[in-house]
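Down below is the structure, laid out as structure tokens.
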Amino acid sequence: MALSNGPSRAGDSQMMSLLDNMIGVSDCVLLEPLTEDAFVENLQKRFKANEIYTYIGKVVVSVNPYKPLPLFSQNNISEYRGMNLYELPPHIYAITDDAYRAMRDKNRDQCVIISGESGAGKTEASKIVMQYVAAVCGKGRDVDTVKEQLLQSNPVLEAFGNAKTNRNDNSSRFGKYMDIEFDFKGDPMGGVITNYLLEKSRVVTQAPGERNFHIFYQLLAGAPDVLMKDELDLTRNPNDYHYLNQSGTQQIDNINDKEQLAVTQKAMQVLGFTDEEILSVYKLLGSILKLGNVEFNSFNTMNGTDGVKIQRENELLDVCDQLECSQQDMIHALTKRTIGQKGEKVTTTLTPSQASYARDALCKAIYDRLFTWAIKTINSSIREVRDGSGRKVMGVLDIYGFEIFEGNGFEQFIINYCNEKLQQIFIELTLKEEQEEYIVEGIEWTNIEFFNNIAICDLIEKSNVGILSMLDEECLRPGDVSDSTFLNKMNTTKSIIKHPHYESRSKCKSDKTIDHESFRLKHYAGNVNYCVNGFIDKNNDLLFRDLSQLMYKCDHLLLKTLFPEGNPKHNSQKRPPTTAFQFKSSIAQLMKNLVCKDPNYIRCIKPNDDKAPNDFNEALVRHQVRYLGLMENVRVRRAGYAFRQSYELCLSRYKMLCPKTWPNWNGPAREGMVQLFKHLGYKKEEYAFGRTKIFIRNPRTLFDLEKRRHHRMHYLATLIQKIYKGHRDCKKYQKMRASVTQIAAHYKGYKAKSKYLKMRMSCILITSLWRGYLARKEYKRLRYEAKCIWAVGIIKKFFIGWRVRREYRKLFSANAAPKIVAFMRRYVISKYLLKLKTQLPSMSPTDKNWPPCSPIHKSAHLKLKDVFRRWRATVYRSQVDEQKREILGTKVTASDLFKEKKSSYPASISVQFRGDYVRLRNNTKYSKIAVQTEDQKIHFADVVDKVNRNNGKTTHTLLVLSSKSFLIMDQKTLAIKYRIPLNEITRITCSPYSDGVFVVHVTKGGEFTKKGDFVFISLKVIEILTRFSRALQMETSKQNVIQIADRFNLDFNGSSIQATICTKNIHEINPAPQCKRKGKRLDIMA
């Protein structure tokens, strides 16, 4: 095993974390002693500590924990992204990242092979691989679409290919290989899925405690009632169907079939299945369920021969409706068989058991081909069609593991053959990788002894003399053919009976562990007894020609595609290929595909049969370790040198064990490792020096290195601790000494400062008291002097006043009173006017405030109020331009027309009336038209709904109101449909509700008015009618042309129509009122 796959992104402290703090042994290549007991014990020890992943070199052994573990979050993905394989604890993320980076950076195609028995977690492992690849590749709309399609293929494949078994609630009943294609940047471009050997017998029969495929239960639980009753005619109870009620199990704990159908259907839509195709799939599934309920009884015909009669023909009639075929054709195909001989056809009647076999064969064939079609449809959606330049591939193989049961049949024989081929390619590629690394590093390569399973692969698959060839020959041989004749043929063929890996009762007569109907093969994982009963029938897997032709005759959307051999034009007497031949060809193609890629392995192990967490069944695990060939994997990886690592990383980890390399080595890393191992005194045969790596033969040597490093690390830690404590205490003493000096200096300074401040305050206090005394003395002097001056002034003033009063006493008495009264009046008026000046209201015309006054000035106050408001209005009008006057005038007119008369008026108060909503004034085409019709001045233009006079339907049209007329025009071409002069308008009617309906009543006789009145709908009805009113008043001087009523008469093509407008809520606006014309009535629901 190589512990370095490239430059590390982690620091030295993170390197080799596979060996740091590990529970048991993280890589079983380092296991010592290398025995099966030690291997199982190591898995158990790690399993109990929730360490479910263990390495065997670059192989990941995964033990199903049967409980959620915090190992698959986005943080875990970020942690493993870009890290070398052995820098972090074992994980599927690690091997997936290693494969992805090798594909992206080294341009080497990769494949991830996942194997194990049912319930071991293969499906979840493949999901984890897909999840990691989707998370680490690039971003972008196209890339995200491809990733979504690749991920959404899982729900569809699980629904149609997975089922509950006694070992697993979500067991994959087929093998799957997916090639994910990437561009040169490592972004997914698409993919291709290949399936192997679907267990289609599960469609018609299941063991107790198991279920049929998930999709049947999802359909019954989650399909809408309309689909169930109108299209499929199914009930929701699975016990009503023979193909679902045999096992006695219909529900799975913690799985909601109804929710799963929604997930499956969404995934199918994402993958490109059309709604018609999805409905056709559901019809086929329903037909299979109903066909399973069809039963056959025998009866005697009129001529005395035996016949077959179908019970519950209503079920068969439903099937014919679903498949769109004739009931008579269906009955004929199920109860009779047509055999062609030299151009002649002979029809024979089937027995009830033969008819049941034909029914089951038809259902299995429909489901098997439907599953294949679904995979082809998925491939057509996710496959990227482009040239091969820069194309890289990463494959994921989720295949059944080696199976050894108490009773092993044809399925186990085929599955174990597949695992033999995978084991063969594993051995070849592993040895090839080892040999290439030895050659690159200049290490002498020694041959490695291992169990070579080429012999048993040849025994099974070799042309003409292999078991599969014998089986095909027996199936094609005319005459009496049975499973016993097939076994006898193998026992009489020298190449088989004398093969060391083949045993039977005829070869080993004293071995009673082999019965007379079985044979034994010595696989790499152990000996397996196979019972030949059913080999011939399962290998033939025949579907009567009558059934194929019936399916092709059906008008169902998919059946002609699923049964092309039923086409009479292409009728061939050639026998279809056998199951063994098809599987052998598929495996050969798979092996060819895997050989050209770098393999990465995930071996899944089931810890117990009860799906219980924390339960480790040692015997069960030991059994799986054997048939997965894990000990063989370890021995191959351990052959030669068990451990290898680059000189730089190894020297960085162990340099403290040699005085010459510690603490720093300045020379080449290889020379440093030579000095290190020379100092440690290891034997030369225990290690070898390559060009870039050191190779260690025995794990004991590595563990001894780790042990010495552990002890040395303790010594170094103590040394570092001692130096650190001395340094810390020295620093502490120096800090304390500096602190004492600083504290003493601060204290002395504080004492001197306090003494100085006290003396300073005393001086200031004495100075302030003395200055205060002088100031008070001066103040008393100045105050006495001021009083004397004041007294002199008072005496002088009184004297002058006495003298003036004495001289002018007579004159003053005659004229003083009128002057005082006039002065007081002027004073009061002046005060009133000055106060009014400061309290005037704002210049806004809507401000109605006016300051109060005393009763004396009431009349003047009212006149001033009137003068001020007139002046303010004059100022405001002088500031308003012509356009704004028009808008204000329109708003005032709208208030006069609709205030408290129409429910939608309050909502229009705050809305600005723009008039030309389509910018028609700037349209040059309209300007040319307006010159001819004198409609240059536009009051209103917008798209409205015009109500058809005949059926009440609405159409969009352009309504234009000018100063001369109103026009109805095509909103795209501006072609004039109607032009009605304003003087031909008699009145306009609208309802009192919140609708947008209004009617323009016109006089008859004009070119555009001969069809009668016009009915329009617009949410701008308030503005439209206001502008109509103003335009009519200016052009024709007509008053009161707007009529508001919910019942009124209309003139349509000369007929008087009674119109009624109704509403459920007068305050709720309905943007699309419904108009219905019934004879002489027009009902409008607003």
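Going by the structure tokens order, chains are called A, B, ..., each with residues numbered from 1, while ligands are numbered from 1 in the order shown.
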Inset, instruction - Please provide as a PyMOL selection string all residues within 9 Å of Cys531 in chain A, with the sequence filter that same-chain residues fewer than 4 positions apart are discarded (counting only C-alpha atoms). - result: chain A and resi 407-410+515-520+535
Inset, instruction - Excluding Asp995 in chain A and any residue of its chain fewer than 4 positions from it, enumerate the residues within 9 Å of it, using only C-alpha atoms, and give them as a list in words. - result: Ser903, Ser904, Cys990, Ser991, Ile1017, Ser1018, Leu1019, Val1021, Thr1063, Ile1066, Glu1068, Ile1069, Asn1070, Pro1071, Ala1072, Pro1073 and Ala1086 of chain A
Inset, instruction - Write out as a PyMOL selection string each polymer residue whose atoms come within 12 Å of Ala1031 in chain A, counting only C-alpha atoms; drop sequence neighbours fewer than 2 positions from it. - result: chain A and resi 886+890+893+937-940+961-966+981-983+985+1024-1029+1033-1039+1041
Using only N, CA and C atoms, please write the residues we just selected to a file, as a CSV table (one decimal), in the first residue's frame.
```
chain,number,residue,atom,x,y,z
A,886,GLU,N,-55.4,71.6,-16.0
A,886,GLU,CA,-56.2,70.6,-16.7
A,886,GLU,C,-56.4,69.4,-15.8
A,890,THR,N,-59.9,68.1,-14.1
A,890,THR,CA,-60.4,66.8,-14.3
A,890,THR,C,-60.7,66.1,-13.0
A,893,THR,N,-64.0,67.6,-11.8
A,893,THR,CA,-65.1,67.1,-12.5
A,893,THR,C,-65.4,65.6,-12.0
A,937,LYS,N,-55.5,66.3,-31.0
A,937,LYS,CA,-55.5,66.6,-29.5
A,937,LYS,C,-56.1,65.3,-28.8
A,938,ILE,N,-55.3,64.6,-28.1
A,938,ILE,CA,-55.7,63.4,-27.4
A,938,ILE,C,-56.0,63.7,-25.9
A,939,HIS,N,-57.2,63.4,-25.5
A,939,HIS,CA,-57.6,63.4,-24.1
A,939,HIS,C,-57.2,62.2,-23.3
A,940,PHE,N,-57.4,61.0,-24.0
A,940,PHE,CA,-57.2,59.7,-23.3
A,940,PHE,C,-56.8,58.7,-24.4
A,961,LEU,N,-59.6,58.9,-27.1
A,961,LEU,CA,-60.6,60.0,-27.0
A,961,LEU,C,-59.9,61.2,-27.4
A,962,SER,N,-60.3,61.9,-28.5
A,962,SER,CA,-59.7,63.1,-28.9
A,962,SER,C,-60.7,64.2,-28.7
A,963,SER,N,-60.4,65.4,-29.1
A,963,SER,CA,-61.3,66.6,-29.0
A,963,SER,C,-62.4,66.5,-29.9
A,964,LYS,N,-62.4,65.7,-31.0
A,964,LYS,CA,-63.4,65.6,-32.0
A,964,LYS,C,-64.3,64.3,-31.9
A,965,SER,N,-63.6,63.2,-31.5
A,965,SER,CA,-64.3,62.0,-31.6
A,965,SER,C,-63.6,61.0,-30.6
A,966,PHE,N,-64.2,59.8,-30.5
A,966,PHE,CA,-63.5,58.7,-29.9
A,966,PHE,C,-63.4,57.6,-30.8
A,981,PRO,N,-67.9,60.4,-33.9
A,981,PRO,CA,-67.8,61.8,-33.5
A,981,PRO,C,-68.5,62.0,-32.2
A,982,LEU,N,-68.1,63.0,-31.4
A,982,LEU,CA,-68.6,63.2,-30.1
A,982,LEU,C,-70.1,63.6,-30.1
A,983,ASN,N,-70.5,64.3,-31.2
A,983,ASN,CA,-71.9,64.7,-31.2
A,983,ASN,C,-72.9,63.6,-31.5
A,985,ILE,N,-72.7,60.8,-29.6
A,985,ILE,CA,-72.8,60.1,-28.3
A,985,ILE,C,-74.0,60.8,-27.6
A,1024,ILE,N,-61.7,57.7,-17.5
A,1024,ILE,CA,-62.3,57.7,-18.9
A,1024,ILE,C,-63.6,58.5,-18.9
A,1025,LEU,N,-64.5,58.2,-18.0
A,1025,LEU,CA,-65.8,58.9,-18.0
A,1025,LEU,C,-65.7,60.4,-17.7
A,1026,THR,N,-64.7,60.7,-16.9
A,1026,THR,CA,-64.5,62.1,-16.5
A,1026,THR,C,-64.0,62.9,-17.8
A,1027,ARG,N,-63.1,62.3,-18.5
A,1027,ARG,CA,-62.6,62.9,-19.7
A,1027,ARG,C,-63.7,63.0,-20.8
A,1028,PHE,N,-64.5,61.9,-20.9
A,1028,PHE,CA,-65.6,61.9,-21.9
A,1028,PHE,C,-66.6,63.1,-21.5
A,1029,SER,N,-66.9,63.3,-20.2
A,1029,SER,CA,-67.8,64.3,-19.8
A,1029,SER,C,-67.3,65.7,-20.2
A,1033,GLN,N,-68.7,68.2,-23.1
A,1033,GLN,CA,-69.2,69.6,-22.7
A,1033,GLN,C,-68.5,70.7,-23.5
A,1034,MET,N,-67.2,70.5,-23.8
A,1034,MET,CA,-66.5,71.5,-24.6
A,1034,MET,C,-66.9,71.4,-26.1
A,1035,GLU,N,-67.1,70.2,-26.6
A,1035,GLU,CA,-67.4,70.1,-28.0
A,1035,GLU,C,-68.9,70.3,-28.4
A,1036,THR,N,-69.8,69.7,-27.5
A,1036,THR,CA,-71.2,69.8,-27.9
A,1036,THR,C,-72.1,70.5,-26.9
A,1037,SER,N,-71.4,71.0,-25.8
A,1037,SER,CA,-72.1,71.7,-24.7
A,1037,SER,C,-73.2,70.9,-24.0
A,1038,LYS,N,-73.1,69.6,-24.1
A,1038,LYS,CA,-74.0,68.7,-23.5
A,1038,LYS,C,-73.7,68.6,-22.0
A,1039,GLN,N,-74.7,68.6,-21.1
A,1039,GLN,CA,-74.6,68.5,-19.7
A,1039,GLN,C,-75.2,67.1,-19.2
A,1041,VAL,N,-74.2,63.9,-19.1
A,1041,VAL,CA,-74.3,62.8,-20.0
A,1041,VAL,C,-73.9,61.5,-19.3
```
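Using only C-alpha atoms, the shortest contact distance between Ser652 in chain A and any of A:Gly672, A:Pro845, A:Pro500, A:Pro188 is found at A:Gly672.
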Legend entry - Distance of CA of Leu244 in chain A from CA of Ser126 in chain A, expressed in Å to one decimal place: 28.5 Å
